[in-house]
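S.K.: File name upload07.cif; file contents mmCIF, C-alpha atoms; full text below.
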data_run
#
loop_
_atom_site.label_atom_id
_atom_site.label_comp_id
_atom_site.auth_asym_id
_atom_site.auth_seq_id
_atom_site.Cartn_x
_atom_site.Cartn_y
_atom_site.Cartn_z
CA MET A 22 6.99 20.91 35.19
CA PRO A 23 4.00 19.56 33.14
CA GLY A 24 6.07 16.52 32.29
CA ILE A 25 6.83 15.86 35.96
CA LEU A 26 3.18 16.27 36.95
CA LEU A 27 2.07 13.81 34.28
CA ARG A 28 4.23 11.16 35.93
CA ILE A 29 1.78 11.19 38.88
CA PRO A 30 -1.03 8.61 38.42
CA TYR A 31 -3.68 10.92 39.91
CA ILE A 32 -2.79 13.69 37.43
CA GLN A 33 -2.74 11.19 34.56
CA ASN A 34 -6.26 10.05 35.43
CA LYS A 35 -7.53 13.62 35.69
CA VAL A 36 -6.02 14.60 32.33
CA SER A 37 -7.58 11.51 30.73
CA GLU A 38 -10.99 12.37 32.23
CA VAL A 39 -10.86 15.99 31.09
CA ALA A 40 -9.66 15.08 27.58
CA THR A 41 -12.35 12.41 27.28
CA THR A 42 -15.10 14.81 28.39
CA GLN A 43 -13.94 17.65 26.15
CA LEU A 44 -13.53 15.50 23.03
CA SER A 45 -16.82 13.68 23.56
CA GLY A 46 -18.64 16.99 23.88
CA HIS A 47 -16.90 18.53 20.88
CA LEU A 48 -17.51 15.55 18.59
CA GLY A 49 -20.88 14.50 19.97
CA VAL A 50 -19.89 10.81 20.15
CA PRO A 51 -18.31 8.64 22.87
CA VAL A 52 -14.54 9.15 23.12
CA LYS A 53 -12.29 7.43 25.64
CA ILE A 54 -8.63 7.92 26.56
CA GLY A 55 -7.48 5.42 29.15
CA ASN A 56 -4.17 7.06 30.09
CA VAL A 57 -2.02 10.09 29.18
CA ASP A 58 1.69 10.24 29.94
CA ILE A 59 4.80 12.18 28.96
CA GLU A 60 8.08 10.24 28.89
CA TRP A 61 11.42 12.03 29.04
CA PHE A 62 9.71 15.42 28.43
CA ASN A 63 9.51 14.85 24.67
CA ARG A 64 7.31 11.80 24.17
CA LEU A 65 3.53 11.85 24.47
CA VAL A 66 1.93 8.47 25.19
CA LEU A 67 -1.79 7.72 24.93
CA GLU A 68 -3.22 4.36 25.94
CA GLY A 69 -6.67 2.84 25.65
CA LEU A 70 -8.07 5.07 22.87
CA TYR A 71 -11.64 4.58 21.69
CA LEU A 72 -13.83 6.56 19.25
CA GLU A 73 -17.27 5.78 17.82
CA ASP A 74 -18.83 7.13 14.63
CA GLN A 75 -22.23 8.81 14.50
CA ASP A 76 -23.96 5.43 13.97
CA GLY A 77 -22.60 4.13 17.27
CA LYS A 78 -20.08 1.78 15.63
CA VAL A 79 -16.41 1.61 16.61
CA MET A 80 -14.38 3.76 14.21
CA PHE A 81 -11.01 3.76 15.97
CA GLU A 82 -9.47 2.05 18.96
CA ALA A 83 -5.87 1.49 19.95
CA ASN A 84 -3.98 0.01 22.87
CA HIS A 85 -0.96 2.29 22.53
CA VAL A 86 -0.19 5.48 20.60
CA ALA A 87 3.05 7.38 21.23
CA ALA A 88 4.87 10.26 19.55
CA GLY A 89 8.39 11.38 20.41
CA PHE A 90 9.33 14.84 19.14
CA GLU A 91 12.20 17.32 19.01
CA ILE A 92 11.49 20.58 20.82
CA MET A 93 13.81 23.08 19.08
CA PRO A 94 12.40 22.65 15.51
CA LEU A 95 8.95 23.62 16.84
CA LEU A 96 10.26 27.18 17.23
CA GLU A 97 10.84 27.24 13.45
CA GLY A 98 7.40 25.84 12.60
CA LYS A 99 8.72 22.35 11.87
CA PHE A 100 7.37 19.14 13.33
CA VAL A 101 10.17 16.61 13.74
CA PHE A 102 9.07 13.35 15.35
CA THR A 103 11.79 11.00 16.51
CA THR A 104 9.37 8.10 16.79
CA VAL A 105 5.69 7.39 16.25
CA ARG A 106 4.29 4.13 17.61
CA LEU A 107 0.85 2.73 16.87
CA PHE A 108 0.24 -0.67 18.47
CA GLY A 109 -2.82 -2.89 18.67
CA PHE A 110 -5.24 -0.69 16.74
CA SER A 111 -8.39 -1.01 14.65
CA PHE A 112 -9.46 1.69 12.17
CA ASN A 113 -12.84 1.21 10.48
CA LEU A 114 -13.97 3.50 7.67
CA ARG A 115 -17.48 3.20 6.27
CA LYS A 116 -19.96 4.68 3.81
CA HIS A 117 -23.67 3.89 3.55
CA THR A 118 -23.59 4.31 -0.27
CA PRO A 119 -20.83 5.30 -2.73
CA GLU A 120 -22.20 8.87 -2.69
CA SER A 121 -22.49 9.12 1.11
CA PRO A 122 -19.89 10.94 3.21
CA LEU A 123 -17.26 8.90 5.02
CA ASN A 124 -18.02 8.13 8.65
CA LEU A 125 -14.83 10.07 9.46
CA GLN A 126 -16.14 13.28 7.88
CA PHE A 127 -17.72 14.63 11.07
CA VAL A 128 -14.33 14.48 12.81
CA ILE A 129 -12.67 16.36 9.94
CA ASP A 130 -15.43 18.99 10.03
CA ALA A 131 -15.21 19.37 13.82
CA PHE A 132 -11.52 20.25 13.71
CA ALA A 133 -11.55 22.18 10.42
CA SER A 134 -10.49 25.80 10.65
CA LYS A 135 -13.42 28.24 10.76
CA ASP A 136 -11.23 31.04 9.45
CA SER A 137 -12.56 32.09 6.03
CA ILE A 138 -9.21 33.63 5.12
CA LYS A 139 -6.91 31.02 3.69
CA LYS A 140 -3.47 31.07 5.22
CA GLU A 141 -0.32 29.68 3.75
CA LYS A 142 0.59 26.54 5.67
CA ASN A 143 4.27 26.23 6.42
CA ILE A 144 4.41 22.76 7.89
CA ASP A 145 7.45 20.57 7.39
CA LEU A 146 6.85 17.11 8.82
CA ARG A 147 9.65 14.65 9.45
CA PHE A 148 9.31 11.25 11.10
CA ASN A 149 12.57 9.46 11.87
CA SER A 150 10.71 6.24 12.67
CA ILE A 151 7.07 5.16 12.38
CA MET A 152 6.33 1.78 13.90
CA ILE A 153 2.98 0.02 13.36
CA ARG A 154 2.17 -3.36 14.91
CA ARG A 155 -0.89 -5.58 15.19
CA GLY A 156 -3.07 -3.23 13.15
CA ASN A 157 -6.44 -3.82 11.55
CA PHE A 158 -8.01 -1.61 8.87
CA SER A 159 -11.35 -1.89 7.14
CA TYR A 160 -13.30 0.10 4.56
CA ASN A 161 -16.87 -0.81 3.65
CA VAL A 162 -19.61 0.61 1.45
CA ASP A 163 -22.71 -0.87 3.06
CA SER A 164 -24.88 -0.82 -0.08
CA GLU A 165 -22.39 -2.77 -2.21
CA LYS A 166 -22.29 -6.57 -2.52
CA GLU A 167 -19.46 -8.55 -1.03
CA THR A 168 -17.36 -10.94 -3.13
CA PRO A 169 -15.90 -13.65 -0.85
CA GLY A 170 -12.56 -14.94 -2.08
CA LYS A 171 -12.06 -12.03 -4.49
CA PHE A 172 -10.61 -8.61 -3.72
CA ASN A 173 -13.29 -5.94 -3.54
CA ALA A 174 -12.33 -2.26 -3.28
CA LYS A 175 -15.73 -1.56 -1.70
CA HIS A 176 -15.10 -4.07 1.10
CA ILE A 177 -11.48 -3.99 2.27
CA ASP A 178 -10.52 -5.88 5.41
CA ILE A 179 -6.83 -5.81 6.36
CA LYS A 180 -5.52 -7.73 9.38
CA ASN A 181 -2.11 -8.06 11.04
CA LEU A 182 -0.82 -4.79 9.58
CA SER A 183 2.79 -4.10 10.56
CA ALA A 184 5.16 -1.49 9.18
CA LYS A 185 8.38 0.37 9.84
CA ILE A 186 8.65 3.64 7.95
CA SER A 187 11.01 6.60 7.90
CA LEU A 188 9.58 9.86 6.56
CA LYS A 189 12.49 12.26 6.10
CA ALA A 190 10.42 14.98 4.40
CA PHE A 191 6.73 15.53 3.88
CA ASN A 192 5.40 18.91 2.76
CA LYS A 193 3.44 20.48 -0.09
CA ASP A 194 6.43 20.31 -2.45
CA SER A 195 8.19 17.04 -1.73
CA VAL A 196 8.20 13.60 -0.15
CA ASN A 197 11.22 11.59 0.93
CA ALA A 198 10.30 8.27 2.52
CA HIS A 199 11.77 4.86 3.22
CA ILE A 200 9.43 1.94 3.81
CA LYS A 201 11.72 -0.55 5.50
CA LYS A 202 9.08 -3.23 5.85
CA MET A 203 5.31 -3.52 5.54
CA SER A 204 3.14 -6.63 5.76
CA PHE A 205 -0.54 -7.54 6.12
CA ASP A 206 -3.26 -10.08 5.28
CA GLU A 207 -6.45 -9.20 3.40
CA ALA A 208 -9.78 -11.02 3.76
CA SER A 209 -9.80 -11.95 0.03
CA GLY A 210 -6.84 -14.25 0.64
CA PHE A 211 -4.13 -11.84 -0.53
CA SER A 212 -1.09 -11.77 1.77
CA LEU A 213 1.75 -9.28 1.63
CA ASN A 214 4.80 -10.73 3.36
CA LYS A 215 7.05 -7.75 2.73
CA LEU A 216 7.04 -4.40 0.93
CA SER A 217 10.12 -2.19 0.97
CA LEU A 218 11.16 0.84 -1.09
CA ASN A 219 12.76 4.28 -1.10
CA ILE A 220 10.80 7.12 -2.71
CA VAL A 221 11.82 10.70 -3.44
CA ALA A 222 9.15 12.82 -5.11
CA ASN A 223 8.35 16.44 -5.91
CA LYS A 224 5.82 18.24 -8.10
CA ASP A 225 7.60 17.16 -11.29
CA SER A 226 8.72 13.59 -10.75
CA ALA A 227 9.00 10.58 -8.46
CA ILE A 228 11.95 8.21 -8.14
CA ILE A 229 11.58 4.82 -6.49
CA ASN A 230 14.67 2.78 -5.64
CA ASN A 231 15.12 -0.73 -4.26
CA PHE A 232 11.47 -1.69 -4.59
CA GLU A 233 10.78 -5.22 -3.41
CA ILE A 234 7.49 -6.99 -2.83
CA LYS A 235 7.30 -10.47 -1.36
CA LEU A 236 4.18 -12.60 -1.42
CA PRO A 237 4.01 -16.23 -0.23
CA GLU A 238 5.74 -17.55 -3.39
CA THR A 239 6.58 -14.31 -5.24
CA ASP A 240 9.63 -12.07 -5.00
CA LEU A 241 9.43 -9.06 -7.36
CA LYS A 242 12.34 -6.60 -7.44
CA ILE A 243 12.53 -3.27 -9.27
CA ASP A 244 15.94 -1.67 -8.95
CA ARG A 245 14.80 1.77 -10.04
CA ALA A 246 11.64 3.41 -11.33
CA HIS A 247 11.24 7.01 -12.51
CA ILE A 248 7.96 8.71 -13.39
CA HIS A 249 7.74 12.30 -14.67
CA THR A 250 4.53 13.91 -13.37
CA GLY A 251 5.12 17.56 -14.28
CA GLU A 252 2.45 17.65 -17.02
CA ALA A 253 -0.14 15.55 -15.18
CA VAL A 254 -3.16 17.47 -13.88
CA SER A 255 -5.54 14.52 -13.60
CA ALA A 256 -5.56 10.74 -13.21
CA SER A 257 -5.93 10.25 -16.97
CA ASP A 258 -2.92 12.49 -17.57
CA LEU A 259 -0.92 10.33 -15.17
CA LEU A 260 -1.82 7.25 -17.23
CA ASP A 261 -1.34 8.75 -20.69
CA HIS A 262 1.13 11.63 -20.42
CA SER A 263 3.57 10.84 -17.60
CA PRO A 264 6.73 9.12 -18.91
CA VAL A 265 7.79 6.04 -16.95
CA GLU A 266 11.11 4.22 -16.84
CA LEU A 267 11.82 1.15 -14.73
CA ASN A 268 14.13 -1.82 -14.49
CA ILE A 269 12.69 -5.13 -13.30
CA ALA A 270 15.52 -7.17 -11.80
CA PRO A 271 15.42 -10.99 -12.12
CA SER A 272 12.34 -11.94 -10.11
CA GLN A 273 10.15 -14.93 -9.33
CA ILE A 274 6.40 -14.62 -9.91
CA CYS A 275 3.78 -17.09 -8.71
CA LEU A 276 0.44 -16.19 -10.27
CA LYS A 277 -1.46 -18.01 -7.52
CA ASP A 278 -0.42 -15.20 -5.16
CA LEU A 279 -2.55 -12.83 -7.30
CA SER A 280 -5.64 -15.04 -7.43
CA ALA A 281 -7.54 -12.64 -5.14
CA PHE A 282 -7.48 -10.20 -8.08
CA VAL A 283 -7.61 -12.73 -10.96
CA PRO A 284 -9.46 -15.92 -9.91
CA ALA A 285 -8.18 -17.75 -13.02
CA PHE A 286 -4.72 -17.80 -11.38
CA ARG A 287 -5.98 -19.83 -8.40
CA ASN A 288 -4.35 -23.10 -9.53
CA PHE A 289 -1.15 -21.62 -10.98
CA SER A 290 1.17 -22.72 -8.17
CA GLU A 291 4.47 -22.85 -10.10
CA THR A 292 6.83 -19.88 -10.40
CA ILE A 293 7.89 -17.95 -13.50
CA GLU A 294 11.18 -16.06 -13.70
CA LEU A 295 10.84 -12.51 -15.04
CA SER A 296 13.16 -9.64 -15.93
CA ALA A 297 12.70 -6.61 -18.19
CA GLU A 298 13.35 -2.95 -18.86
CA ALA A 299 10.24 -0.83 -19.34
CA SER A 300 9.70 2.68 -20.67
CA GLY A 301 6.89 4.77 -22.09
CA TYR A 302 3.61 5.58 -20.37
CA ILE A 303 1.50 3.53 -18.00
CA ASN A 304 -1.15 3.20 -20.69
CA ASN A 305 1.38 2.71 -23.48
CA ILE A 306 4.34 0.79 -22.13
CA GLY A 307 7.20 -0.89 -23.91
CA LEU A 308 9.06 -3.86 -22.42
CA LYS A 309 12.61 -4.28 -23.65
CA ARG A 310 14.93 -7.19 -22.90
CA LEU A 311 11.90 -9.09 -21.65
CA THR A 312 12.76 -12.55 -20.37
CA LEU A 313 10.20 -15.09 -19.17
CA LYS A 314 11.37 -18.50 -18.00
CA TYR A 315 9.14 -21.34 -16.80
CA SER A 316 11.58 -23.82 -15.24
CA ASP A 317 13.30 -25.62 -18.14
CA LYS A 318 9.94 -26.05 -19.88
CA MET A 319 9.60 -22.64 -21.55
CA LEU A 320 11.73 -19.63 -22.42
CA PHE A 321 10.76 -16.30 -24.01
CA VAL A 322 13.32 -13.61 -24.88
CA GLY A 323 12.23 -10.52 -26.78
CA LYS A 324 10.29 -7.32 -26.36
CA MET A 325 6.67 -6.28 -26.16
CA GLU A 326 4.54 -3.18 -26.54
CA MET A 327 1.24 -2.86 -24.69
CA LYS A 328 -1.16 -0.05 -25.57
CA GLY A 329 -4.46 0.93 -23.97
CA ILE A 330 -4.10 -1.59 -21.16
CA THR A 331 -6.53 0.32 -18.92
CA HIS A 332 -9.23 -0.13 -21.59
CA PRO A 333 -9.27 -3.89 -22.34
CA GLU A 334 -11.74 -3.53 -25.22
CA ASP A 335 -9.22 -1.32 -27.06
CA ALA A 336 -6.02 -2.94 -25.81
CA TYR A 337 -3.27 -3.78 -28.29
CA ILE A 338 -0.21 -5.99 -27.78
CA PHE A 339 2.72 -6.34 -30.15
CA GLY A 340 5.53 -8.78 -29.43
CA GLN A 341 8.87 -9.39 -31.07
CA VAL A 342 10.31 -12.82 -30.25
CA ASN A 343 14.08 -13.15 -30.41
CA LYS A 344 14.05 -16.60 -28.92
CA MET A 345 11.29 -18.84 -27.67
CA TYR A 346 10.83 -22.50 -26.98
CA ILE A 347 8.28 -24.57 -25.09
CA THR A 348 8.33 -28.29 -24.41
CA THR A 349 5.37 -30.66 -24.36
CA GLU A 350 5.76 -30.79 -20.60
CA GLY A 351 5.62 -26.99 -20.54
CA ILE A 352 2.38 -26.94 -22.54
CA SER A 353 0.91 -29.51 -20.18
CA GLY A 354 2.07 -27.57 -17.12
CA LEU A 355 0.56 -24.29 -18.34
CA ALA A 356 -2.73 -25.99 -19.25
CA ASN A 357 -2.99 -27.68 -15.86
CA ASN A 358 -2.08 -24.52 -13.97
CA PHE A 359 -5.17 -22.83 -15.41
CA ASN A 360 -7.54 -25.71 -14.63
CA GLU A 361 -8.91 -27.26 -11.48
CA ARG A 362 -8.89 -30.77 -12.96
CA PRO A 363 -5.97 -32.54 -14.67
CA VAL A 364 -5.76 -31.89 -18.42
CA LYS A 365 -4.64 -34.62 -20.81
CA LEU A 366 -3.12 -33.31 -24.00
CA PRO A 367 -4.05 -34.86 -27.38
CA ASP A 368 -1.51 -37.35 -28.71
CA ALA A 369 -0.72 -35.06 -31.66
CA ILE A 370 0.54 -32.36 -29.28
CA VAL A 371 2.41 -34.82 -27.07
CA LYS A 372 4.39 -36.01 -30.13
CA LEU A 373 5.49 -32.47 -31.04
CA GLY A 374 8.36 -32.48 -28.55
CA THR A 375 10.03 -29.07 -28.21
CA ILE A 376 8.54 -26.18 -30.21
CA ASN A 377 10.84 -23.28 -31.23
CA PHE A 378 9.55 -19.95 -32.50
CA THR A 379 11.10 -16.70 -33.70
CA GLY A 380 9.15 -13.82 -35.21
#
Kindly return the structure encoded in the file as C-alpha cells.

M.R.:
Amino acid sequence: MPGILLRIPYIQNKVSEVATTQLSGHLGVPVKIGNVDIEWFNRLVLEGLYLEDQDGKVMFEANHVAAGFEIMPLLEGKFVFTTVRLFGFSFNLRKHTPESPLNLQFVIDAFASKDSIKKEKNIDLRFNSIMIRRGNFSYNVDSEKETPGKFNAKHIDIKNLSAKISLKAFNKDSVNAHIKKMSFDEASGFSLNKLSLNIVANKDSAIINNFEIKLPETDLKIDRAHIHTGEAVSASDLLDHSPVELNIAPSQICLKDLSAFVPAFRNFSETIELSAEASGYINNIGLKRLTLKYSDKMLFVGKMEMKGITHPEDAYIFGQVNKMYITTEGISGLANNFNERPVKLPDAIVKLGTINFTG
C-alpha cells in the first residue's frame, strides 16, 4: 500500500515536504528533497537532493539517488541492494585547518546513536551493482596553500567521476568487491581513464586479481597481488611487517601521465615497457625478473632491491644487471624527456654507439 500511495504525485510532494522539514530541523541546516518515489515496491528513488554545511556552503547535491533492495534478507538482518544509482552529484568536504573537524561531522553526530551501551552490529551489506555517473568530489583544507598543476592532498578536486562496482560482501570481517570500471579527472591534470580490479580481503590478508589501470598513455596490469595483514596494527606495520607478493604483467608506462605527482616527468611523453615479479614488504621490496624496455633504444633485464623507500633520506637501492644496453639515441631520448628544451649531447658521447653493461 505505501508503494502504491507513493505513485501519486500529491503524496510524493507531501512526503518530500515532510522529509525536508524534519531533516532541516534535525540538522539545523537547509535540506531539500525534490521528489520521493518507490518503484516496483523495492526501489527507493530520491531526486533533487540538496544539503548545506554549517557555514552555508553546499556540501551535497544530487539529481538522482536510487536504491533497489531485496525484502526477504531484511528479516535476517542483512541489507542486500540489487542496485544503487548516484547520478549528477557533487560532494564537497572541507576543513578550516588540518586540526578542525570535517564539515560533515555535524551530520555524523546528529545521527549517532545516543545509547551508551555498545551493541554488537550484525550488518551484512551486499550491493549487486553500484552505478555512479557525472560525479564531482572535492576536499579542501582552507588554511593550506594551493599548488596549481601539482597534486595536493589538501586540495582535491575530482570531476566527471563514473564507476560501476559490485560489492558482494562488506562486513566487519571481510570484503569482496569487483570494480568493473572507474574513471575521473583531477584538477592537477591527472586523468584516470579506467581502473578495474577484484579484491577479496579479511582480517589477515587481501588478494587483488586482474588489476588494471589506464591513464592517457599508460596501461599497467597486475595479474595478482597478495598482502598479508594479520600482524599489522598500524600504518607503519603495514609498510614494514606485511608481506607482499605481486606479478606485474607486461605493461606500458608513460611517465608524463604521472607529472601531477612528479613535475619532472612533465616532458617524458614516450612509453616504457615494464614487467616484474615483486615480493617482500612495501618498505623493503624486491623486484625479480625485472624488465625495462625503451623502444629499441634501451633494455634492462635483472633484479632490484629497494629498502626504506618511504624515507628517501635513508633509501637504499641495489641492482643486479643480467643484461643491459642503451644506444646513443636512447641516451639522447632520456635526456630530452627530462628537459623542456632540446639537449645536444657532447660529441664524445655521440661516438660511443651502443653501450652494454652487466654487473

S.K.: Starting from the displayed file, determine the output of the PyMOL selection byres ((chain A and resi 73) around 12) and express the residue list as a PDB file with C-alpha atoms, in the frame of the given file.

M.R.:
ATOM      1  CA  LEU A  44     -13.530  15.500  23.030  1.00  0.00           C
ATOM      2  CA  SER A  45     -16.820  13.680  23.560  1.00  0.00           C
ATOM      3  CA  LEU A  48     -17.510  15.550  18.590  1.00  0.00           C
ATOM      4  CA  GLY A  49     -20.880  14.500  19.970  1.00  0.00           C
ATOM      5  CA  VAL A  50     -19.890  10.810  20.150  1.00  0.00           C
ATOM      6  CA  PRO A  51     -18.310   8.640  22.870  1.00  0.00           C
ATOM      7  CA  VAL A  52     -14.540   9.150  23.120  1.00  0.00           C
ATOM      8  CA  LYS A  53     -12.290   7.430  25.640  1.00  0.00           C
ATOM      9  CA  LEU A  70      -8.070   5.070  22.870  1.00  0.00           C
ATOM     10  CA  TYR A  71     -11.640   4.580  21.690  1.00  0.00           C
ATOM     11  CA  LEU A  72     -13.830   6.560  19.250  1.00  0.00           C
ATOM     12  CA  ASP A  74     -18.830   7.130  14.630  1.00  0.00           C
ATOM     13  CA  GLN A  75     -22.230   8.810  14.500  1.00  0.00           C
ATOM     14  CA  ASP A  76     -23.960   5.430  13.970  1.00  0.00           C
ATOM     15  CA  GLY A  77     -22.600   4.130  17.270  1.00  0.00           C
ATOM     16  CA  LYS A  78     -20.080   1.780  15.630  1.00  0.00           C
ATOM     17  CA  VAL A  79     -16.410   1.610  16.610  1.00  0.00           C
ATOM     18  CA  MET A  80     -14.380   3.760  14.210  1.00  0.00           C
ATOM     19  CA  PHE A  81     -11.010   3.760  15.970  1.00  0.00           C
ATOM     20  CA  GLU A  82      -9.470   2.050  18.960  1.00  0.00           C
ATOM     21  CA  SER A 111      -8.390  -1.010  14.650  1.00  0.00           C
ATOM     22  CA  PHE A 112      -9.460   1.690  12.170  1.00  0.00           C
ATOM     23  CA  ASN A 113     -12.840   1.210  10.480  1.00  0.00           C
ATOM     24  CA  LEU A 114     -13.970   3.500   7.670  1.00  0.00           C
ATOM     25  CA  ARG A 115     -17.480   3.200   6.270  1.00  0.00           C
ATOM     26  CA  ASN A 124     -18.020   8.130   8.650  1.00  0.00           C
ATOM     27  CA  LEU A 125     -14.830  10.070   9.460  1.00  0.00           C
ATOM     28  CA  PHE A 127     -17.720  14.630  11.070  1.00  0.00           C
ATOM     29  CA  VAL A 128     -14.330  14.480  12.810  1.00  0.00           C
TER      30      VAL A 128
END

S.K.: Just give me the gap between CA of Phe286 (chain A) and CA of Arg362 (chain A) in Å, one decimal is fine.

M.R.: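 CA of Arg362 (chain A) lies at a distance of 13.7 Å from CA of Phe286 (chain A).
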
S.K.: Mind checking which residues fall within 9 Å of region 207-223 of chain A, counting all atoms listed in the file, ignoring those fewer than 5 positions away in the same chain, and posting them as a count of residues only?

M.R.: 38

S.K.: For the structure provided, state which residues fall under the PyMOL selection byres ((chain A and resi 297-300) around 9), and present them as a list in words.

M.R.: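 That expression, the PyMOL selection byres ((chain A and resi 297-300) around 9), corresponds here to Pro264, Val265, Glu266, Leu267, Asn268, Ile269, Ala270, Pro271, Leu295, Ser296, Gly301, Tyr302, Ile303, Asn305, Ile306, Gly307, Leu308, Lys309, Arg310, Leu311, Thr312, Leu313 and Lys324 of chain A.
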
S.K.: Nearest to Phe158 (chain A): which of A:Gln273, A:Asn377, A:Ser183, A:Asn358 is it, counting only C-alpha atoms?

M.R.: A:Ser183

S.K.: Which polymer residues have any atom within 10 Å of an atom of Phe148 (chain A), counting only C-alpha atoms, with same-chain residues fewer than 2 positions away left out, as a list of chain:residue names?

M.R.: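 Neighbouring residues, sequence-local ones excluded: A:Ala88, A:Gly89, A:Phe90, A:Phe100, A:Val101, A:Phe102, A:Thr103, A:Thr104, A:Val105, A:Leu146, A:Ser150, A:Ile151, A:Ile186, A:Ser187, A:Leu188, A:Lys189, A:Ala190, A:Phe191, A:Ala198.
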
S.K.: So the first atom is CA of Ala174 (chain A) and the second is CA of Gly156 (chain A); what is the distance between them in Å, to one decimal place?

M.R.: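 Going from CA of Ala174 (chain A) over to CA of Gly156 (chain A) covers 18.9 Å.
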
S.K.: Given all atoms listed in the file as the basis, pick out the residue of A:Thr375, A:Asn304, A:Ile153, A:Ser164 nearest to Asp258 (chain A).

M.R.: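 Checking each of A:Thr375, A:Asn304, A:Ile153, A:Ser164 against Asp258 (chain A), counting all atoms listed in the file, the winner is A:Asn304.
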
S.K.: So what does the PyMOL selection byres ((chain A and resi 333-347) around 12) actually pick up in this one, as a ChimeraX atom specification?

M.R.: /A:304-332,348-355,370-371,373-380

S.K.: Could you check how far CA of Arg154 (chain A) sits from CA of Arg64 (chain A), in Å to one decimal?

M.R.: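 That distance, rounded to one decimal, is 18.5 Å.
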
S.K.: For each of A:Ala227, A:Met152, A:Val162, A:Val283, take the minimum atom-to-atom distance to Thr118 (chain A), counting all atoms listed in the file, then give the residue where this is smallest.

M.R.: A:Val162
